[in-house]
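Structure data (mmCIF, C-alpha atoms) from work.cif:
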```cif
data_start
loop_
_atom_site.label_atom_id
_atom_site.label_comp_id
_atom_site.auth_asym_id
_atom_site.auth_seq_id
_atom_site.Cartn_x
_atom_site.Cartn_y
_atom_site.Cartn_z
CA MET A 1 0.00 0.00 0.00
CA ASP A 2 2.85 2.35 0.82
CA LYS A 3 4.34 1.71 -2.57
CA VAL A 4 1.10 2.66 -4.31
CA LEU A 5 0.84 5.88 -2.34
CA VAL A 6 4.47 6.85 -3.02
CA THR A 7 4.10 5.98 -6.70
CA GLY A 8 0.95 8.08 -6.94
CA LEU A 9 2.63 11.08 -5.31
CA LEU A 10 5.63 10.73 -7.62
CA ILE A 11 3.37 10.64 -10.68
CA ILE A 12 1.50 13.76 -9.49
CA ALA A 13 4.83 15.57 -8.83
CA ALA A 14 6.16 14.59 -12.26
CA VAL A 15 3.03 15.78 -14.07
CA THR A 16 3.06 19.06 -12.11
CA SER A 17 6.75 19.61 -12.88
CA VAL A 18 6.21 19.00 -16.59
CA ALA A 19 3.24 21.42 -16.59
CA VAL A 20 5.30 24.13 -14.85
CA ILE A 21 8.24 23.69 -17.24
CA ILE A 22 6.06 23.77 -20.34
CA GLY A 23 4.11 26.73 -18.98
CA SER A 24 7.27 28.76 -18.39
CA ILE A 25 9.38 27.73 -21.39
CA GLY A 26 6.60 27.63 -23.99
CA PRO A 27 5.90 31.39 -24.17
CA THR A 28 9.64 32.12 -24.08
CA LEU A 29 10.23 29.84 -27.02
CA GLY A 30 7.37 31.51 -28.89
CA ARG A 31 8.73 34.99 -28.26
CA GLY A 32 12.25 33.85 -29.11
CA GLY A 33 11.02 32.43 -32.40
CA GLN A 34 9.26 35.69 -33.30
CA GLU A 35 12.33 37.74 -32.36
CA ALA A 36 14.55 35.42 -34.41
CA LYS A 37 12.20 35.81 -37.39
CA GLU A 38 12.24 39.62 -37.10
CA SER A 39 16.02 39.61 -36.78
CA GLN A 40 16.37 37.44 -39.88
CA LEU A 41 14.02 39.72 -41.85
CA SER A 42 16.02 42.76 -40.75
CA ALA A 43 19.30 41.08 -41.74
CA ALA A 44 17.84 40.06 -45.12
CA LYS A 45 16.66 43.64 -45.76
CA LYS A 46 20.12 44.96 -44.87
CA LEU A 47 21.73 42.46 -47.26
CA ALA A 48 19.28 43.48 -50.00
CA THR A 49 20.03 47.19 -49.42
CA SER A 50 22.91 48.49 -51.50
CA PHE A 51 23.64 51.77 -53.22
CA THR A 52 26.56 53.57 -54.77
CA ILE A 53 27.47 57.24 -54.97
CA PHE A 54 28.66 57.78 -58.53
CA ASP A 55 29.13 61.55 -58.70
CA VAL A 56 29.46 64.56 -56.43
CA ILE A 57 29.42 68.00 -58.05
CA PRO A 58 30.15 71.08 -55.93
CA TYR A 59 28.58 74.27 -57.29
CA ILE A 60 30.85 77.30 -57.14
CA GLY A 61 29.12 80.64 -56.94
CA ASN A 62 26.10 82.28 -55.40
CA TYR A 63 23.33 80.03 -54.13
CA PRO A 64 20.84 79.20 -55.33
CA PRO A 65 22.04 79.16 -58.95
CA PRO A 66 20.56 81.81 -61.27
CA PRO A 67 17.93 82.80 -62.26
CA ALA A 68 16.76 82.57 -58.63
CA PRO A 69 17.82 85.45 -56.38
CA THR A 70 20.84 84.73 -54.21
CA VAL A 71 20.07 84.03 -50.57
CA GLY A 72 22.45 83.07 -47.79
CA CYS A 73 25.66 81.81 -49.38
CA ARG A 74 27.36 84.39 -51.58
CA GLY A 75 30.08 82.17 -52.99
CA HIS A 76 33.16 84.40 -53.27
CA GLY A 77 35.39 81.50 -54.33
CA ASN A 78 33.75 78.87 -52.14
CA SER A 79 31.28 76.08 -52.76
CA CYS A 80 27.72 76.89 -51.76
CA SER A 81 25.97 73.68 -52.76
CA ILE A 82 26.88 70.11 -53.57
CA ASP A 83 24.89 67.81 -55.86
CA VAL A 84 25.19 64.12 -54.93
CA TRP A 85 24.10 61.46 -57.43
CA MET A 86 23.45 57.94 -56.14
CA LYS A 87 22.01 54.71 -57.53
CA ASN A 88 20.10 52.04 -55.63
CA ILE A 89 21.89 48.87 -56.80
CA GLY A 90 20.23 46.59 -54.23
CA GLN A 91 17.11 44.48 -54.31
CA ALA A 92 15.19 46.48 -51.68
CA GLU A 93 13.46 49.85 -51.67
CA ILE A 94 15.22 52.38 -49.47
CA GLU A 95 12.72 54.32 -47.42
CA PRO A 96 12.12 56.82 -46.09
CA VAL A 97 14.62 58.91 -48.01
CA SER A 98 14.20 61.67 -45.40
CA GLU A 99 15.93 59.44 -42.81
CA LEU A 100 19.20 59.16 -44.72
CA ASP A 101 22.10 60.28 -42.52
CA ILE A 102 24.38 62.56 -44.54
CA SER A 103 27.73 63.86 -43.32
CA LEU A 104 30.74 65.66 -44.77
CA LEU A 105 34.23 64.68 -43.70
CA SER A 106 37.30 66.86 -44.18
CA SER A 107 40.45 65.62 -45.90
CA THR A 108 41.86 64.64 -42.48
CA GLY A 109 38.91 62.31 -41.86
CA GLU A 110 37.34 64.50 -39.18
CA TYR A 111 33.63 65.20 -39.43
CA TYR A 112 33.30 68.57 -41.11
CA ARG A 113 29.54 68.48 -40.72
CA ASP A 114 27.91 65.47 -39.07
CA ASN A 115 24.23 64.55 -39.42
CA ILE A 116 23.32 67.35 -41.81
CA THR A 117 19.69 68.43 -41.33
CA GLN A 118 17.16 67.31 -43.92
CA ASP A 119 15.07 70.21 -45.25
CA PRO A 120 11.54 68.98 -46.12
CA SER A 121 10.66 72.27 -47.85
CA CYS A 122 13.58 71.90 -50.32
CA SER A 123 14.77 75.45 -49.81
CA TYR A 124 17.86 77.14 -48.53
CA LEU A 125 17.77 77.54 -44.76
CA THR A 126 20.20 80.17 -43.57
CA SER A 127 20.83 78.58 -40.18
CA GLY A 128 23.34 76.01 -41.45
CA PRO A 129 23.94 73.20 -43.89
CA THR A 130 20.87 71.26 -45.01
CA TRP A 131 20.01 68.68 -47.66
CA TYR A 132 17.00 67.56 -49.66
CA ALA A 133 16.14 65.01 -52.33
CA LEU A 134 15.12 66.04 -55.82
CA PRO A 135 12.35 65.93 -56.82
CA CYS A 136 11.24 67.54 -53.58
CA GLY A 137 9.40 65.25 -51.19
CA LYS A 138 10.74 61.96 -52.61
CA GLU A 139 10.43 59.31 -49.89
CA ILE A 140 10.82 55.93 -51.66
CA TRP A 141 14.04 55.08 -53.52
CA LEU A 142 13.30 52.11 -55.78
CA PRO A 143 15.86 49.48 -56.90
CA ASN A 144 17.85 50.56 -60.00
CA GLU A 145 16.69 54.16 -59.52
CA THR A 146 19.01 57.18 -59.41
CA LEU A 147 18.57 59.61 -56.53
CA HIS A 148 19.69 63.25 -56.69
CA ILE A 149 20.42 64.95 -53.38
CA ARG A 150 21.41 68.60 -52.98
CA LEU A 151 23.44 69.69 -49.98
CA ASN A 152 23.23 73.37 -49.17
CA GLY A 153 26.74 74.23 -48.13
CA PRO A 154 27.97 75.71 -44.88
CA GLN A 155 27.51 79.40 -44.26
CA ASN A 156 30.05 82.21 -44.26
CA PRO A 157 32.52 81.17 -41.51
CA ASP A 158 33.36 77.74 -42.92
CA LYS A 159 32.47 77.39 -46.59
CA LEU A 160 34.07 74.57 -48.57
CA ALA A 161 37.34 76.04 -49.80
CA LEU A 162 38.51 75.73 -53.40
CA GLY A 163 40.98 72.90 -54.01
CA SER A 164 40.05 71.13 -50.78
CA HIS A 165 39.13 67.45 -50.55
CA TYR A 166 36.06 66.21 -48.73
CA THR A 167 34.19 62.95 -48.35
CA VAL A 168 30.42 62.78 -48.44
CA SER A 169 29.04 59.93 -46.32
CA VAL A 170 25.49 58.60 -46.72
CA THR A 171 24.00 56.01 -44.34
CA THR A 172 20.58 54.35 -44.64
CA ARG A 173 18.25 53.77 -41.71
CA ASN A 174 19.34 50.12 -41.51
CA GLY A 175 23.06 50.99 -41.34
CA VAL A 176 24.26 50.55 -44.95
CA GLN A 177 26.87 53.23 -45.66
CA GLU A 178 28.61 54.57 -48.76
CA LYS A 179 31.31 57.25 -49.02
CA PHE A 180 32.64 59.29 -51.93
CA LEU A 181 35.78 61.43 -52.02
CA PHE A 182 35.57 64.65 -54.05
CA GLN A 183 37.51 67.85 -54.56
CA VAL A 184 36.13 71.35 -54.74
CA PRO A 185 37.58 72.62 -58.06
CA GLU A 186 40.02 75.51 -58.04
#
```

Encoded form (structure tokens):
Amino acid sequence: MDKVLVTGLLIIAAVTSVAVIIGSIGPTLGRGGQEAKESQLSAAKKLATSFTIFDVIPYIGNYPPPPAPTVGCRGHGNSCSIDVWMKNIGQAEIEPVSELDISLLSSTGEYYRDNITQDPSCSYLTSGPTWYALPCGKEIWLPNETLHIRLNGPQNPDKLALGSHYTVSVTTRNGVQEKFLFQVPE
């Protein structure tokens, strides 16, 4: 009789233990599976995201270019705007374009201007360097599509000097980065 009672208690303890383990591990495994899936999707999107900067053209002279009236940057032998031409060579759309992180590095590798402000109105803000995509308001950059970005150059105290070398750095929201070295013509 004692053996039956002990066996019964052991069976009840084993069933309870299994229920507790499944109850605590089951949801964790479910969450872990979902997190792993999201991580894999994010990694796949990053692998499918690729772009190249194929030309950077500094504009020398008053900004904006004629026939518009000059505002802010007066040129005087310095670059007032920089046109950046890029191509989406990946498999994925890059969006939103407004969340691109654009920086200028000096020839020594120091950040000349980090995290340049995106200007949604596509104008020339006099408070400092800004950028915008052309056509204005473009938010989705499709695969095999060329994107034109205009950087409004720094103001009077630190314009881009003639003959100097700079690197424009563009980083997508998911961390894909491309750099392009250019020289402001003399």

Counting only C-alpha atoms, figure out which residue out of A:Val168, A:Ala92, A:Met86, A:Val176 gets nearest to Ala133 in chain A.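 Closest to Ala133 in chain A of all the choices is A:Met86.
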
Best match for closeness to Glu139 in chain A among A:Thr7, A:Ser98, A:Ser17, A:Ser169, counting all atoms listed in the file: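 Counting all atoms listed in the file, the residue closest to Glu139 in chain A is A:Ser98.
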
Name the residues within 9 Å of (29.4, 53.9, -48.5), counting only C-alpha atoms in the file's coordinates, and put them as a PDB file with C-alpha atoms, in the frame of the given file.
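That gives us selection_33.pdb:
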```
ATOM      1  CA  SER A  50      22.910  48.490 -51.500  1.00  0.00           C
ATOM      2  CA  PHE A  51      23.640  51.770 -53.220  1.00  0.00           C
ATOM      3  CA  THR A  52      26.560  53.570 -54.770  1.00  0.00           C
ATOM      4  CA  ILE A  53      27.470  57.240 -54.970  1.00  0.00           C
ATOM      5  CA  VAL A 168      30.420  62.780 -48.440  1.00  0.00           C
ATOM      6  CA  SER A 169      29.040  59.930 -46.320  1.00  0.00           C
ATOM      7  CA  VAL A 170      25.490  58.600 -46.720  1.00  0.00           C
ATOM      8  CA  THR A 171      24.000  56.010 -44.340  1.00  0.00           C
ATOM      9  CA  VAL A 176      24.260  50.550 -44.950  1.00  0.00           C
ATOM     10  CA  GLN A 177      26.870  53.230 -45.660  1.00  0.00           C
ATOM     11  CA  GLU A 178      28.610  54.570 -48.760  1.00  0.00           C
ATOM     12  CA  LYS A 179      31.310  57.250 -49.020  1.00  0.00           C
ATOM     13  CA  PHE A 180      32.640  59.290 -51.930  1.00  0.00           C
TER      14      PHE A 180
END
```

Residues picked by the PyMOL selection byres ((chain A and resi 83) around 8) here, as number ranges by chain? A: 56-59, 81-82, 84-85, 148-151

Excluding Gly163 in chain A and any residue of its chain fewer than 4 positions from it, enumerate the residues within 6 Å of it, using all atoms listed in the file, and give them as a ChimeraX atom specification. /A:184-186

Which residue out of A:Ala161, A:Ile89, A:Leu105, A:Ile116 has the minimum interatomic distance to Asn144 in chain A when all atoms listed in the file are used?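 With all atoms listed in the file as the atom set, the closest residue is A:Ile89.
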
Selection dump of the PyMOL selection byres ((chain A and resi 120) around 10), as a list of chain:residue names: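 Applying the expression gives A:Ser98, A:Thr117, A:Gln118, A:Asp119, A:Ser121, A:Cys122, A:Ser123, A:Thr130, A:Trp131, A:Tyr132, A:Ala133, A:Cys136, A:Gly137, A:Lys138.
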
Which residue is closest to Leu134 in chain A? Choose from A:Asn115, A:Gln183, A:Thr146, A:Thr172 and count only C-alpha atoms.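 So, comparing all the options, the nearest one is A:Thr146.
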
Coordinates-based distance that separates CA of Gly90 in chain A from CA of Pro129 in chain A (Å, one decimal): 28.8 Å

Grab the CA of Pro96 in chain A to CA of Ile140 in chain A distance for me, in Å with one decimal place.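 Between these atoms lies a distance of 5.8 Å.
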